[in-house]
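Asks: The structure's right below; bear with me while I get my questions together.
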Amino acid sequence: RNIIQMDIKEIHPKNFDYQLPKESIAQAPLEVRSNSKLLHYRKGSLAHHQFSALPALIKTKSLIIFNDTKVIPARMIFHKATGARIEIFLLEPSAPSVIMEEIMSSKGNCTWVCLIGNAKKWANDTVLSITVDQIQLTAKRMSQDTVLFSWSPEKTWSELLLALGRVPLPPYISRAPSSADQNRYQTVYSNLEGAVAAPTAGLHFTKEVLDELRNKHQVDYLTLHVSAGTFQPIKTNAEEHHMHREQLRITRSNLIHLLENESVIAVGTTSLRSLESLYWYGVKLMNGDPDFFISKLYPYQNHKSLPDKKTAITAVLEYLDSRSMSAVIGHTEIFIFPGYKFKIVNKMITNFHMPGTTLVMLIAAFCGPNWEKIYEEALKHDYRFLSYGDSSYLEPDLKKSYSSDYTITKNKII
């Protein structure tokens with residue numbers, strides 16, 4: 001193993017900051033998805049393209065993996081009898097199930113962990129209600145961040161949200177959602193409901209671009225339901241930062257395709273985190289631990305030995321086959337920052353991210369110190385940043401020292 005040593009306190013947002021002008025933050029999508037700009041980074045060199053050129057830029061036959069999560073209308077507005085406005089933002093379900101596919105089909109009631117706006121004016125056990133088109137939904141605050149929702153059992157939770165919820169645009173888009181956002185803040189291949197933020201790297205793809213890719217490469221889909229934590233700024237070092245937990249689903253066919261392909265392109269940080277978490281699921285299974293949850297610093301623990309990609313993936317596949325399961329449904333809060341050695345993903349397609357966030361740290365881990373060069377180039381050429389912004393195709397040299405294995409001791413990462 002190639003081992004490096006660094007103080008974990010160096011993994012701090014101040015070391016992953018850059019100046020992002022307000023005017024560089026895209027407030028609306030382009031009329032045509034694939035007309036966005038594409039910055040191609042390949043082993044130190046940079047080139048500018050339109051996103052529609054992506055299929056021609058992928059030279060090696062590859063497995064391209066997309067996140068097919070579907071954004072739900074996760075933001076709801078209630079009013080008290082006094083007129084006070086209470087905003088509820090869904091984070092993750094807690095009952096009758098924590099499985100997103102099951103909660104979306106539930107009827108009658110469900111409980112969620114939520115962010116609550118104007119929370120001081122909503123006491124515990126107080127019931128609020130909202131009615132639209134003769135559909136009534138009540139919300140009872142059970143604790144600081146838990147809300148019980150109730151409605152007529154004739155409708156599913158998915159149908160309720162469609163009627164009563166709002167598109168959860170990120171906080172840096174300084175306008176109210178429009179009817180156009182219902183379509184544009186969603187990938188054209190979205191499938192399984194559950195995300196409260198879009199996997200934005202996929203917003204540039206059109207049916208035409210996807211068809212071109214399928215003609216030359218293998219295209220596959222996994223599911224990671226993106227949480228609102230993706231926007232959460234880091235205020236402390238990596239060891240102390242509270243990482244968001246997200247639910248993911250990886251199918252048996254995903255595993256087989258990964259075993260068949262050496263070149264793996266992740267569309268977005270969510271797909272990348274899912275695939276890297278899959279590797280660590282395999283490590284846990286090989287160590288006799290069938291818990292499909294990757295804590296934020298699990299990859300940095302002092303593992304005595306680590307399997308190669310195929311061995312780890314095969315361990316997960318054998319686990320599914322022994323139980324006649326078609327998919328793994330698990331959770332991850334994996335935190336990828338410089339020093340992480342990528343186990344499955346070779347290349348990535350992604351947007352440009354907010355300064356000082358876990359997403360920029362991930363890009364820094366993937367591209368090394370050149371991440372700053374990439375972002376400077378994008379700003380210099382007026383690229384549009386964040387969710388509705390432009391894109392990049394990253395092909396780093398992952399054999400560089402910045403992608404070394406290391407582990408955490410009491411005070412140091414070694």
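Each chain in the structure tokens gets a letter, A, B, ..., in the order shown, and its residues are numbered from 1; ligands are numbered from 1 in order too.
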Determine, counting only C-alpha atoms, which protein, DNA and RNA residues have an atom within 12 Å of an atom of Pro93 (chain A); residues of the same chain fewer than 3 positions away are not included. Present the result as a ChimeraX atom specification.

Replies: /A:74,89-90,96-104,106,109-114,145-149,157,194-196,225,227,245-247

Asks: Do a neighbour search on Gln136 (chain A) at 10 Å with only C-alpha atoms, toss out local chain neighbours closer than 5 positions, and write the hits as a PyMOL selection string.

Replies: chain A and resi 129-131+150-152+160+164

Asks: For each of A:Phe342, A:Trp280, A:Phe293, A:Tyr393, take the minimum atom-to-atom distance to Lys43 (chain A), counting only C-alpha atoms, then give the residue where this is smallest.

Replies: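 Comparing A:Phe342, A:Trp280, A:Phe293, A:Tyr393 against Lys43 (chain A), the winner is A:Tyr393.
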
Asks: Work out how far CA of Ala26 (chain A) is from CA of Phe335 (chain A), in Å to one decimal.

Replies: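 We find that CA of Phe335 (chain A) and CA of Ala26 (chain A) lie 26.4 Å from each other.
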
Asks: Name the residues of region 158-321 of chain A that come out as helix (DSSP H, G or I) in a backbone DSSP run; write them as a PyMOL selection string.

Replies: chain A and resi 158-164+181-184+200-204+207-216+228-231+252-260+269-286+298-300+309-321

Asks: Please return, as a list in words, all residues of region 140-227 of chain A that DSSP assigns to strand (DSSP E) on the basis of the backbone.

Replies: Lys140, Arg141, Thr146, Val147, Leu148, Phe149, Ser150, Trp151, Leu192, Glu193, Gly194, Ala195, Gln218, Val219, Asp220, Tyr221, Leu222, Thr223, Leu224 and His225 of chain A

Asks: So, with only C-alpha atoms as the atoms that count, which of A:His241, A:Lys216, A:Lys399, A:Lys235 lies closest to Asp17 (chain A)?

Replies: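 Between A:His241, A:Lys216, A:Lys399, A:Lys235, the residue approaching Asp17 (chain A) most closely is A:Lys235.
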
Asks: Which residues are near region 174-190 of chain A? Cut-off 8 Å, only C-alpha atoms, ignore same chain within fewer than 3 positions. Put them as a PyMOL selection string.

Replies: chain A and resi 27+29+67-71+166-169+171+198-200+202-207

Asks: Go ahead and save the residues from that selection, with all heavy atoms, as a compact mmCIF listing (two decimals), in the first residue's frame.

Replies:
```
# COMPACT_ATOMS: atom_id res chain seq x y z
N GLN A 27 -29.30 30.55 -12.21
CA GLN A 27 -30.61 30.68 -11.56
C GLN A 27 -31.72 29.95 -12.31
O GLN A 27 -32.81 29.77 -11.79
CB GLN A 27 -30.98 32.16 -11.42
CG GLN A 27 -30.07 32.94 -10.50
CD GLN A 27 -30.14 32.43 -9.06
OE1 GLN A 27 -31.22 32.29 -8.49
NE2 GLN A 27 -28.97 32.15 -8.48
N PRO A 29 -32.34 26.86 -15.79
CA PRO A 29 -31.70 25.98 -16.76
C PRO A 29 -31.71 26.58 -18.16
O PRO A 29 -32.51 27.47 -18.47
CB PRO A 29 -32.58 24.72 -16.71
CG PRO A 29 -33.93 25.24 -16.35
CD PRO A 29 -33.68 26.38 -15.40
N ASN A 67 -27.54 7.79 -11.85
CA ASN A 67 -28.41 7.70 -10.68
C ASN A 67 -29.83 8.02 -11.12
O ASN A 67 -30.12 9.16 -11.49
CB ASN A 67 -27.94 8.68 -9.60
CG ASN A 67 -28.81 8.65 -8.35
OD1 ASN A 67 -29.69 7.80 -8.21
ND2 ASN A 67 -28.57 9.58 -7.44
N ASP A 68 -30.73 7.03 -11.07
CA ASP A 68 -32.08 7.23 -11.59
C ASP A 68 -33.10 7.66 -10.53
O ASP A 68 -34.31 7.49 -10.71
CB ASP A 68 -32.58 5.97 -12.31
CG ASP A 68 -32.82 4.79 -11.38
OD1 ASP A 68 -32.57 4.92 -10.15
OD2 ASP A 68 -33.27 3.73 -11.87
N THR A 69 -32.62 8.21 -9.42
CA THR A 69 -33.55 8.71 -8.41
C THR A 69 -34.43 9.81 -8.99
O THR A 69 -34.04 10.52 -9.92
CB THR A 69 -32.80 9.25 -7.18
OG1 THR A 69 -33.74 9.55 -6.14
CG2 THR A 69 -32.00 10.50 -7.49
N LYS A 70 -35.63 9.92 -8.44
CA LYS A 70 -36.58 10.94 -8.89
C LYS A 70 -36.84 11.91 -7.75
O LYS A 70 -37.11 11.50 -6.62
CB LYS A 70 -37.89 10.28 -9.34
CG LYS A 70 -38.85 11.22 -10.04
CD LYS A 70 -40.00 10.42 -10.66
CE LYS A 70 -40.86 11.32 -11.54
NZ LYS A 70 -41.93 10.54 -12.22
N VAL A 71 -36.74 13.20 -8.04
CA VAL A 71 -36.94 14.23 -7.02
C VAL A 71 -38.41 14.30 -6.64
O VAL A 71 -39.29 14.32 -7.52
CB VAL A 71 -36.47 15.61 -7.53
CG1 VAL A 71 -36.67 16.67 -6.45
CG2 VAL A 71 -35.00 15.55 -7.94
N ARG A 166 -43.97 21.18 -3.14
CA ARG A 166 -43.32 22.11 -4.07
C ARG A 166 -41.95 21.58 -4.45
O ARG A 166 -41.31 20.87 -3.67
CB ARG A 166 -43.18 23.50 -3.45
CG ARG A 166 -44.52 24.12 -3.03
CD ARG A 166 -44.32 25.54 -2.55
NE ARG A 166 -45.58 26.15 -2.11
CZ ARG A 166 -45.73 27.42 -1.78
NH1 ARG A 166 -44.67 28.23 -1.83
NH2 ARG A 166 -46.91 27.88 -1.40
N VAL A 167 -41.49 21.96 -5.64
CA VAL A 167 -40.16 21.54 -6.10
C VAL A 167 -39.11 22.07 -5.12
O VAL A 167 -39.08 23.27 -4.82
CB VAL A 167 -39.87 22.09 -7.51
CG1 VAL A 167 -38.45 21.69 -7.96
CG2 VAL A 167 -40.91 21.57 -8.50
N PRO A 168 -38.24 21.20 -4.61
CA PRO A 168 -37.25 21.63 -3.61
C PRO A 168 -36.00 22.23 -4.22
O PRO A 168 -34.90 21.66 -4.11
CB PRO A 168 -36.94 20.32 -2.86
CG PRO A 168 -37.08 19.28 -3.93
CD PRO A 168 -38.20 19.74 -4.83
N LEU A 169 -36.15 23.38 -4.87
CA LEU A 169 -34.96 24.03 -5.43
C LEU A 169 -33.95 24.34 -4.33
O LEU A 169 -34.35 24.66 -3.19
CB LEU A 169 -35.35 25.33 -6.14
CG LEU A 169 -36.16 25.20 -7.44
CD1 LEU A 169 -36.42 26.59 -8.02
CD2 LEU A 169 -35.46 24.32 -8.46
N PRO A 171 -31.13 26.24 -1.96
CA PRO A 171 -31.21 27.58 -1.36
C PRO A 171 -30.50 28.67 -2.13
O PRO A 171 -30.81 29.85 -1.97
CB PRO A 171 -30.59 27.39 0.03
CG PRO A 171 -29.78 26.12 -0.06
CD PRO A 171 -30.49 25.27 -1.05
N ALA A 198 -31.85 17.16 -6.74
CA ALA A 198 -31.59 16.47 -8.00
C ALA A 198 -30.15 16.00 -8.09
O ALA A 198 -29.24 16.67 -7.60
CB ALA A 198 -31.90 17.39 -9.18
N PRO A 199 -29.91 14.85 -8.73
CA PRO A 199 -28.54 14.45 -9.09
C PRO A 199 -28.14 15.27 -10.31
O PRO A 199 -28.33 14.86 -11.46
CB PRO A 199 -28.67 12.96 -9.39
CG PRO A 199 -30.09 12.79 -9.85
CD PRO A 199 -30.90 13.85 -9.14
N THR A 200 -27.63 16.46 -10.08
CA THR A 200 -27.59 17.51 -11.10
C THR A 200 -26.66 17.21 -12.28
O THR A 200 -26.83 17.79 -13.35
CB THR A 200 -27.21 18.86 -10.49
OG1 THR A 200 -25.96 18.73 -9.80
CG2 THR A 200 -28.28 19.33 -9.52
N GLY A 202 -26.80 14.78 -14.06
CA GLY A 202 -27.63 14.15 -15.07
C GLY A 202 -28.57 15.09 -15.79
O GLY A 202 -29.22 14.70 -16.77
N LEU A 203 -28.67 16.33 -15.33
CA LEU A 203 -29.64 17.26 -15.92
C LEU A 203 -29.29 17.65 -17.35
O LEU A 203 -30.14 18.17 -18.08
CB LEU A 203 -29.75 18.52 -15.05
CG LEU A 203 -30.32 18.33 -13.64
CD1 LEU A 203 -30.40 19.68 -12.92
CD2 LEU A 203 -31.69 17.67 -13.67
N HIS A 204 -28.04 17.42 -17.78
CA HIS A 204 -27.61 17.81 -19.13
C HIS A 204 -27.97 16.77 -20.19
O HIS A 204 -27.90 17.06 -21.38
CB HIS A 204 -26.09 18.02 -19.15
CG HIS A 204 -25.60 18.90 -18.05
ND1 HIS A 204 -25.66 20.27 -18.12
CD2 HIS A 204 -25.06 18.61 -16.84
CE1 HIS A 204 -25.18 20.79 -17.00
NE2 HIS A 204 -24.80 19.79 -16.22
N PHE A 205 -28.30 15.58 -19.77
CA PHE A 205 -28.51 14.49 -20.72
C PHE A 205 -29.88 14.58 -21.38
O PHE A 205 -30.89 14.83 -20.72
CB PHE A 205 -28.37 13.13 -20.02
CG PHE A 205 -26.95 12.80 -19.68
CD1 PHE A 205 -26.40 13.24 -18.48
CD2 PHE A 205 -26.16 12.06 -20.54
CE1 PHE A 205 -25.09 12.95 -18.15
CE2 PHE A 205 -24.85 11.76 -20.21
CZ PHE A 205 -24.31 12.20 -19.02
N THR A 206 -29.88 14.36 -22.69
CA THR A 206 -31.12 14.26 -23.46
C THR A 206 -31.24 12.83 -23.96
O THR A 206 -30.28 12.03 -23.89
CB THR A 206 -31.08 15.21 -24.67
OG1 THR A 206 -29.97 14.82 -25.51
CG2 THR A 206 -30.92 16.66 -24.23
N LYS A 207 -32.40 12.50 -24.49
CA LYS A 207 -32.59 11.17 -25.07
C LYS A 207 -31.57 10.93 -26.18
O LYS A 207 -31.03 9.82 -26.32
CB LYS A 207 -34.01 11.04 -25.60
CG LYS A 207 -34.34 9.68 -26.20
CD LYS A 207 -35.77 9.62 -26.70
CE LYS A 207 -36.09 8.25 -27.28
NZ LYS A 207 -35.24 7.87 -28.42
```

Asks: Quick one: everything within 9 Å of Ser143 (chain A), counting only C-alpha atoms, minus sequence neighbours fewer than 5 positions away in the same chain. Send it as a PyMOL selection string.

Replies: chain A and resi 123-125
